[in-house]
$ cat query.cif   # mmCIF, C-alpha atoms and all ligand atoms
data_target
loop_
_atom_site.group_PDB
_atom_site.id
_atom_site.type_symbol
_atom_site.label_atom_id
_atom_site.label_comp_id
_atom_site.auth_asym_id
_atom_site.auth_seq_id
_atom_site.Cartn_x
_atom_site.Cartn_y
_atom_site.Cartn_z
ATOM 1 C CA MET C 8 -50.874 -2.475 106.313
ATOM 2 C CA ARG C 9 -51.814 -6.082 105.847
ATOM 3 C CA LYS C 10 -55.325 -6.983 104.979
ATOM 4 C CA PRO C 11 -57.099 -9.065 107.567
ATOM 5 C CA LYS C 12 -57.690 -12.541 106.242
ATOM 6 C CA LYS C 13 -61.388 -12.623 106.790
ATOM 7 C CA ARG C 14 -63.420 -9.543 106.255
ATOM 8 C CA LYS C 15 -66.939 -8.790 105.395
ATOM 9 C CA ILE C 16 -67.703 -8.188 101.795
ATOM 10 C CA ASN C 17 -68.924 -4.668 101.285
ATOM 11 C CA LEU C 18 -72.379 -5.170 99.856
ATOM 12 C CA ALA C 19 -72.776 -1.469 99.198
ATOM 13 C CA ARG C 20 -70.433 -1.832 96.267
ATOM 14 C CA ILE C 21 -72.935 -3.945 94.399
ATOM 15 C CA ARG C 22 -75.349 -2.027 92.236
ATOM 16 C CA GLN C 23 -78.838 -3.494 92.339
ATOM 17 C CA THR C 24 -79.625 -2.660 88.744
ATOM 18 C CA ARG C 25 -76.375 -3.767 87.127
ATOM 19 C CA THR C 26 -75.287 -7.077 85.755
ATOM 20 C CA TYR C 27 -71.844 -8.471 86.397
ATOM 21 C CA THR C 28 -69.628 -11.089 84.858
ATOM 22 C CA THR C 29 -67.766 -13.480 87.133
ATOM 23 C CA ALA C 30 -64.549 -11.527 86.608
ATOM 24 C CA GLU C 31 -66.220 -8.203 87.355
ATOM 25 C CA LEU C 32 -67.739 -9.559 90.526
ATOM 26 C CA SER C 33 -64.469 -10.991 91.670
ATOM 27 C CA LYS C 34 -62.796 -7.626 91.167
ATOM 28 C CA LEU C 35 -65.612 -5.669 92.727
ATOM 29 C CA LEU C 36 -65.810 -7.818 95.826
ATOM 30 C CA ASP C 37 -62.085 -8.386 96.014
ATOM 31 C CA VAL C 38 -62.396 -12.139 96.170
ATOM 32 C CA HIS C 39 -60.881 -14.864 94.040
ATOM 33 C CA ILE C 40 -62.700 -15.881 90.907
ATOM 34 C CA ASN C 41 -63.019 -19.389 92.328
ATOM 35 C CA THR C 42 -64.880 -17.931 95.279
ATOM 36 C CA ILE C 43 -67.509 -16.613 92.880
ATOM 37 C CA ARG C 44 -67.666 -20.015 91.218
ATOM 38 C CA GLY C 45 -68.127 -21.521 94.659
ATOM 39 C CA TYR C 46 -71.063 -19.173 95.247
ATOM 40 C CA THR C 47 -72.762 -20.395 92.105
ATOM 41 C CA LYS C 48 -72.344 -23.974 93.248
ATOM 42 C CA GLN C 49 -73.855 -23.030 96.581
ATOM 43 C CA GLY C 50 -76.901 -21.304 95.238
ATOM 44 C CA LEU C 51 -76.064 -17.992 93.565
ATOM 45 C CA LYS C 52 -78.022 -18.032 90.332
ATOM 46 C CA PRO C 53 -76.739 -16.484 87.120
ATOM 47 C CA ILE C 54 -79.315 -14.667 84.985
ATOM 48 C CA ASP C 55 -79.562 -17.419 82.408
ATOM 49 C CA ALA C 56 -77.493 -20.014 80.639
ATOM 50 C CA THR C 57 -75.753 -17.584 78.305
ATOM 51 C CA TRP C 58 -72.014 -17.175 78.031
ATOM 52 C CA PRO C 59 -70.320 -15.346 79.622
ATOM 53 C CA VAL C 60 -72.148 -16.001 82.850
ATOM 54 C CA LEU C 61 -73.909 -12.871 84.067
ATOM 55 C CA PHE C 62 -75.206 -12.132 87.517
ATOM 56 C CA HIS C 63 -77.782 -9.562 88.405
ATOM 57 C CA GLY C 64 -76.641 -7.141 91.102
ATOM 58 C CA SER C 65 -79.786 -7.617 93.156
ATOM 59 C CA ASP C 66 -79.353 -11.409 93.118
ATOM 60 C CA VAL C 67 -75.750 -11.142 94.243
ATOM 61 C CA LYS C 68 -76.659 -8.747 97.007
ATOM 62 C CA GLU C 69 -79.430 -10.942 98.275
ATOM 63 C CA TYR C 70 -77.279 -14.062 98.144
ATOM 64 C CA LEU C 71 -74.369 -12.481 100.000
ATOM 65 C CA ALA C 72 -76.563 -10.810 102.584
ATOM 66 C CA LYS C 73 -78.111 -14.171 103.361
ATOM 67 C CA ARG C 74 -74.693 -15.775 103.488
ATOM 68 C CA GLN C 75 -73.336 -13.171 105.852
ATOM 69 C CA SER C 76 -76.317 -13.169 108.134
ATOM 70 C CA LYS C 77 -77.084 -15.727 110.821
ATOM 71 C CA ASN C 78 -76.761 -18.664 108.569
ATOM 72 C CA LYS C 79 -73.113 -17.869 108.166
ATOM 73 C CA CYS C 80 -71.987 -21.273 107.425
ATOM 74 C CA VAL C 81 -72.827 -23.126 104.280
ATOM 75 C CA LEU C 82 -72.147 -26.796 104.794
ATOM 76 C CA GLU C 83 -70.874 -29.029 102.084
ATOM 77 C CA ILE C 84 -72.825 -32.207 101.708
ATOM 78 C CA ASP C 85 -70.278 -34.263 103.664
ATOM 79 C CA GLU C 86 -69.665 -31.686 106.379
ATOM 80 C CA PHE C 87 -71.051 -31.138 109.840
ATOM 81 C CA TYR C 88 -70.974 -27.960 111.833
ATOM 82 C CA CYS C 89 -68.655 -28.267 114.818
ATOM 83 C CA LEU C 90 -69.851 -26.063 117.667
ATOM 84 C CA LYS C 91 -66.445 -26.090 119.290
ATOM 85 C CA CYS C 92 -64.385 -25.223 116.217
ATOM 86 C CA ARG C 93 -67.226 -23.028 114.963
ATOM 87 C CA LYS C 94 -66.484 -24.341 111.539
ATOM 88 C CA PRO C 95 -67.742 -26.915 109.103
ATOM 89 C CA ARG C 96 -65.826 -30.111 109.707
ATOM 90 C CA LYS C 97 -65.661 -33.535 108.197
ATOM 91 C CA PRO C 98 -66.337 -36.626 110.287
ATOM 92 C CA LEU C 99 -63.402 -38.216 112.067
ATOM 93 C CA GLY C 100 -62.425 -41.434 110.338
ATOM 94 C CA ARG C 101 -65.408 -40.887 108.044
ATOM 95 C CA MET C 102 -67.564 -42.596 110.658
ATOM 96 C CA VAL C 103 -71.176 -41.499 110.734
ATOM 97 C CA ASP C 104 -73.918 -42.749 113.034
ATOM 98 C CA VAL C 105 -77.476 -42.508 111.823
ATOM 99 C CA THR C 106 -80.516 -42.407 114.086
ATOM 100 C CA PHE C 107 -83.996 -42.419 112.632
ATOM 101 C CA CYS C 108 -85.955 -39.771 114.516
ATOM 102 C CA ASN C 109 -89.358 -40.373 112.999
ATOM 103 C CA GLN C 110 -90.919 -41.304 109.669
ATOM 104 C CA LYS C 111 -89.250 -38.466 107.859
ATOM 105 C CA MET C 112 -86.133 -37.285 109.604
ATOM 106 C CA ALA C 113 -82.854 -38.845 110.528
ATOM 107 C CA ASN C 114 -80.047 -37.504 112.624
ATOM 108 C CA MET C 115 -76.480 -38.057 111.521
ATOM 109 C CA SER C 116 -73.784 -37.732 114.117
ATOM 110 C CA ALA C 117 -70.044 -37.873 113.875
ATOM 111 C CA LEU C 118 -66.966 -36.673 115.691
ATOM 112 C CA CYS C 119 -65.155 -33.587 114.508
ATOM 113 C CA GLU C 120 -61.986 -34.621 112.719
ATOM 114 C CA VAL C 121 -60.123 -31.804 114.421
ATOM 115 C CA CYS C 122 -61.322 -31.607 118.019
ATOM 116 C CA GLU C 123 -63.372 -34.833 118.289
ATOM 117 C CA THR C 124 -66.444 -33.029 119.556
ATOM 118 C CA LYS C 125 -69.707 -34.728 118.661
ATOM 119 C CA MET C 126 -71.465 -33.039 115.775
ATOM 120 C CA ASN C 127 -75.007 -33.528 114.558
ATOM 121 C CA ARG C 128 -76.825 -32.898 111.356
ATOM 122 C CA ARG C 129 -80.439 -33.649 110.620
ATOM 123 C CA THR C 130 -81.683 -34.646 107.251
ATOM 124 C CA ASN C 131 -84.665 -35.969 105.439
ATOM 125 C CA ILE C 132 -84.460 -39.759 105.318
ATOM 126 C CA GLN C 133 -84.969 -39.788 101.579
ATOM 127 C CA ARG C 134 -81.869 -37.675 101.171
ATOM 128 C CA LEU C 135 -79.602 -39.772 103.363
ATOM 129 C CA PRO C 136 -77.887 -41.514 100.452
ATOM 130 C CA GLU C 137 -76.854 -38.092 99.132
ATOM 131 C CA TYR C 138 -75.293 -37.084 102.416
ATOM 132 C CA LEU C 139 -73.478 -40.253 103.194
ATOM 133 C CA GLN C 140 -70.399 -40.629 101.092
ATOM 134 C CA PRO C 141 -69.398 -43.998 99.641
ATOM 135 C CA GLN C 142 -66.267 -44.069 101.772
ATOM 136 C CA ASP C 143 -68.206 -43.421 104.989
ATOM 137 C CA SER C 144 -68.479 -46.086 107.573
ATOM 138 C CA VAL C 145 -72.124 -45.855 108.559
ATOM 139 C CA THR C 146 -73.665 -47.288 111.700
ATOM 140 C CA LEU C 147 -77.425 -47.369 111.995
ATOM 141 C CA LEU C 148 -78.295 -46.899 115.644
ATOM 142 C CA ASN C 149 -81.866 -48.103 115.278
ATOM 143 C CA PRO C 150 -81.792 -50.234 112.136
ATOM 144 C CA HIS C 151 -85.048 -52.024 113.002
ATOM 145 C CA LEU C 152 -86.908 -48.826 112.128
ATOM 146 C CA LEU C 153 -85.528 -48.648 108.650
ATOM 147 C CA GLU C 154 -87.658 -51.356 107.178
ATOM 148 C CA ARG C 155 -90.790 -49.778 108.507
ATOM 149 C CA ILE C 156 -89.864 -46.302 107.430
ATOM 150 C CA GLU C 157 -88.259 -46.644 104.072
ATOM 151 C CA PRO C 158 -87.821 -50.121 102.601
ATOM 152 C CA SER C 159 -86.252 -48.680 99.470
ATOM 153 C CA LEU C 160 -83.261 -47.574 101.493
ATOM 154 C CA ASN C 161 -82.724 -51.038 102.842
ATOM 155 C CA CYS C 162 -80.486 -52.326 100.140
ATOM 156 C CA TYR C 163 -78.562 -49.083 100.158
ATOM 157 C CA PHE C 164 -77.665 -49.614 103.782
ATOM 158 C CA GLU C 165 -77.060 -53.287 103.384
ATOM 159 C CA GLN C 166 -74.242 -52.375 101.055
ATOM 160 C CA THR C 167 -72.805 -49.504 103.034
ATOM 161 C CA SER C 168 -73.266 -50.330 106.683
ATOM 162 C CA LYS C 169 -71.653 -53.051 108.660
HETATM 163 ZN ZN ZN L 201 -64.210 -29.383 116.116
#

$ encode --input "query.cif" --output "structure tokens" --more "lines below"
Ligand SMILES: [Zn+2]
Amino acid sequence: MRKPKKRKINLARIRQTRTYTTAELSKLLDVHINTIRGYTKQGLKPIDATWPVLFHGSDVKEYLAKRQSKNKCVLEIDEFYCLKCRKPRKPLGRMVDVTFCNQKMANMSALCEVCETKMNRRTNIQRLPEYLQPQDSVTLLNPHLLERIEPSLNCYFEQTSK
């Protein structure tokens, strides 16, 4: 019988009181070692900075439970969640529109590179430069607000937006 491509990781296999190396975890959960490395990039914390990297069972369990629950999808910094594809997608043509919602928040919108559905992602204005990639073509939909809200971002956008 072939294994289904996507299946839930069996959290019951993880022992709360044990520690695991990356290799052990990968074997235990039946996922690729790079998947475990991906987890650590996306928030799974090893016990400390020692080598080899060790994870505490309870941390792994908590991380995976969170990941598998409602907030199923962990977006990369340059991804949006496409409601139609039900997947994280990158912006079509790397074009991102930015609307300043208020003093603190901005909404980024883009078209899904696969199905061209409009996708939105909100972010703190201060963090905008992190989200927008250098290759993005950024359009500010209400640029007049920028100066009032966050003058320090002005020169950033002068360079990136046209
Ligand atoms: Zn899509």

$ residues_around --input "query.cif" --residues "Met112 in chain C" --least-positions-apart "5" --cutoff "12 Å" --atoms "only C-alpha atoms" --output "list of chain:residue names"
C:Val105, C:Thr106, C:Phe107, C:Arg128, C:Arg129, C:Thr130, C:Asn131, C:Ile132, C:Gln133, C:Arg134, C:Leu135, C:Leu152, C:Leu153, C:Ile156, C:Glu157

$ write_last_selection --input "query.cif" --atoms "C-alpha atoms" --output "mmCIF file, in the coordinates of the input"
data_model
loop_
_atom_site.group_PDB
_atom_site.id
_atom_site.type_symbol
_atom_site.label_atom_id
_atom_site.label_comp_id
_atom_site.auth_asym_id
_atom_site.auth_seq_id
_atom_site.Cartn_x
_atom_site.Cartn_y
_atom_site.Cartn_z
ATOM 1 C CA VAL C 105 -77.476 -42.508 111.823
ATOM 2 C CA THR C 106 -80.516 -42.407 114.086
ATOM 3 C CA PHE C 107 -83.996 -42.419 112.632
ATOM 4 C CA ARG C 128 -76.825 -32.898 111.356
ATOM 5 C CA ARG C 129 -80.439 -33.649 110.620
ATOM 6 C CA THR C 130 -81.683 -34.646 107.251
ATOM 7 C CA ASN C 131 -84.665 -35.969 105.439
ATOM 8 C CA ILE C 132 -84.460 -39.759 105.318
ATOM 9 C CA GLN C 133 -84.969 -39.788 101.579
ATOM 10 C CA ARG C 134 -81.869 -37.675 101.171
ATOM 11 C CA LEU C 135 -79.602 -39.772 103.363
ATOM 12 C CA LEU C 152 -86.908 -48.826 112.128
ATOM 13 C CA LEU C 153 -85.528 -48.648 108.650
ATOM 14 C CA ILE C 156 -89.864 -46.302 107.430
ATOM 15 C CA GLU C 157 -88.259 -46.644 104.072
#

$ residues_near_ligand --input "query.cif" --ligand "ligand ZN 201 (chain L)" --cutoff "7 Å" --atoms "all atoms listed in the file" --output "PyMOL selection string"
chain C and resi 89-92+96+119-124

$ resolve_selection --input "query.cif" --expression "the PyMOL selection byres (((chain C and resi 83) around 10) and not hetatm)" --output "JSON, numbers by chain"
{"C": [49, 80, 81, 82, 84, 85, 86, 87, 88, 95, 96, 97, 138]}

$ closest_residue --input "query.cif" --among "C:Asp143, C:Asp55, C:Glu31, C:Asp37" --to "Met115 in chain C" --atoms "all atoms listed in the file"
C:Asp143

$ resolve_selection --input "query.cif" --expression "the PyMOL selection byres (((chain C and resi 36) around 12) and not hetatm)" --output "count of residues only"
27
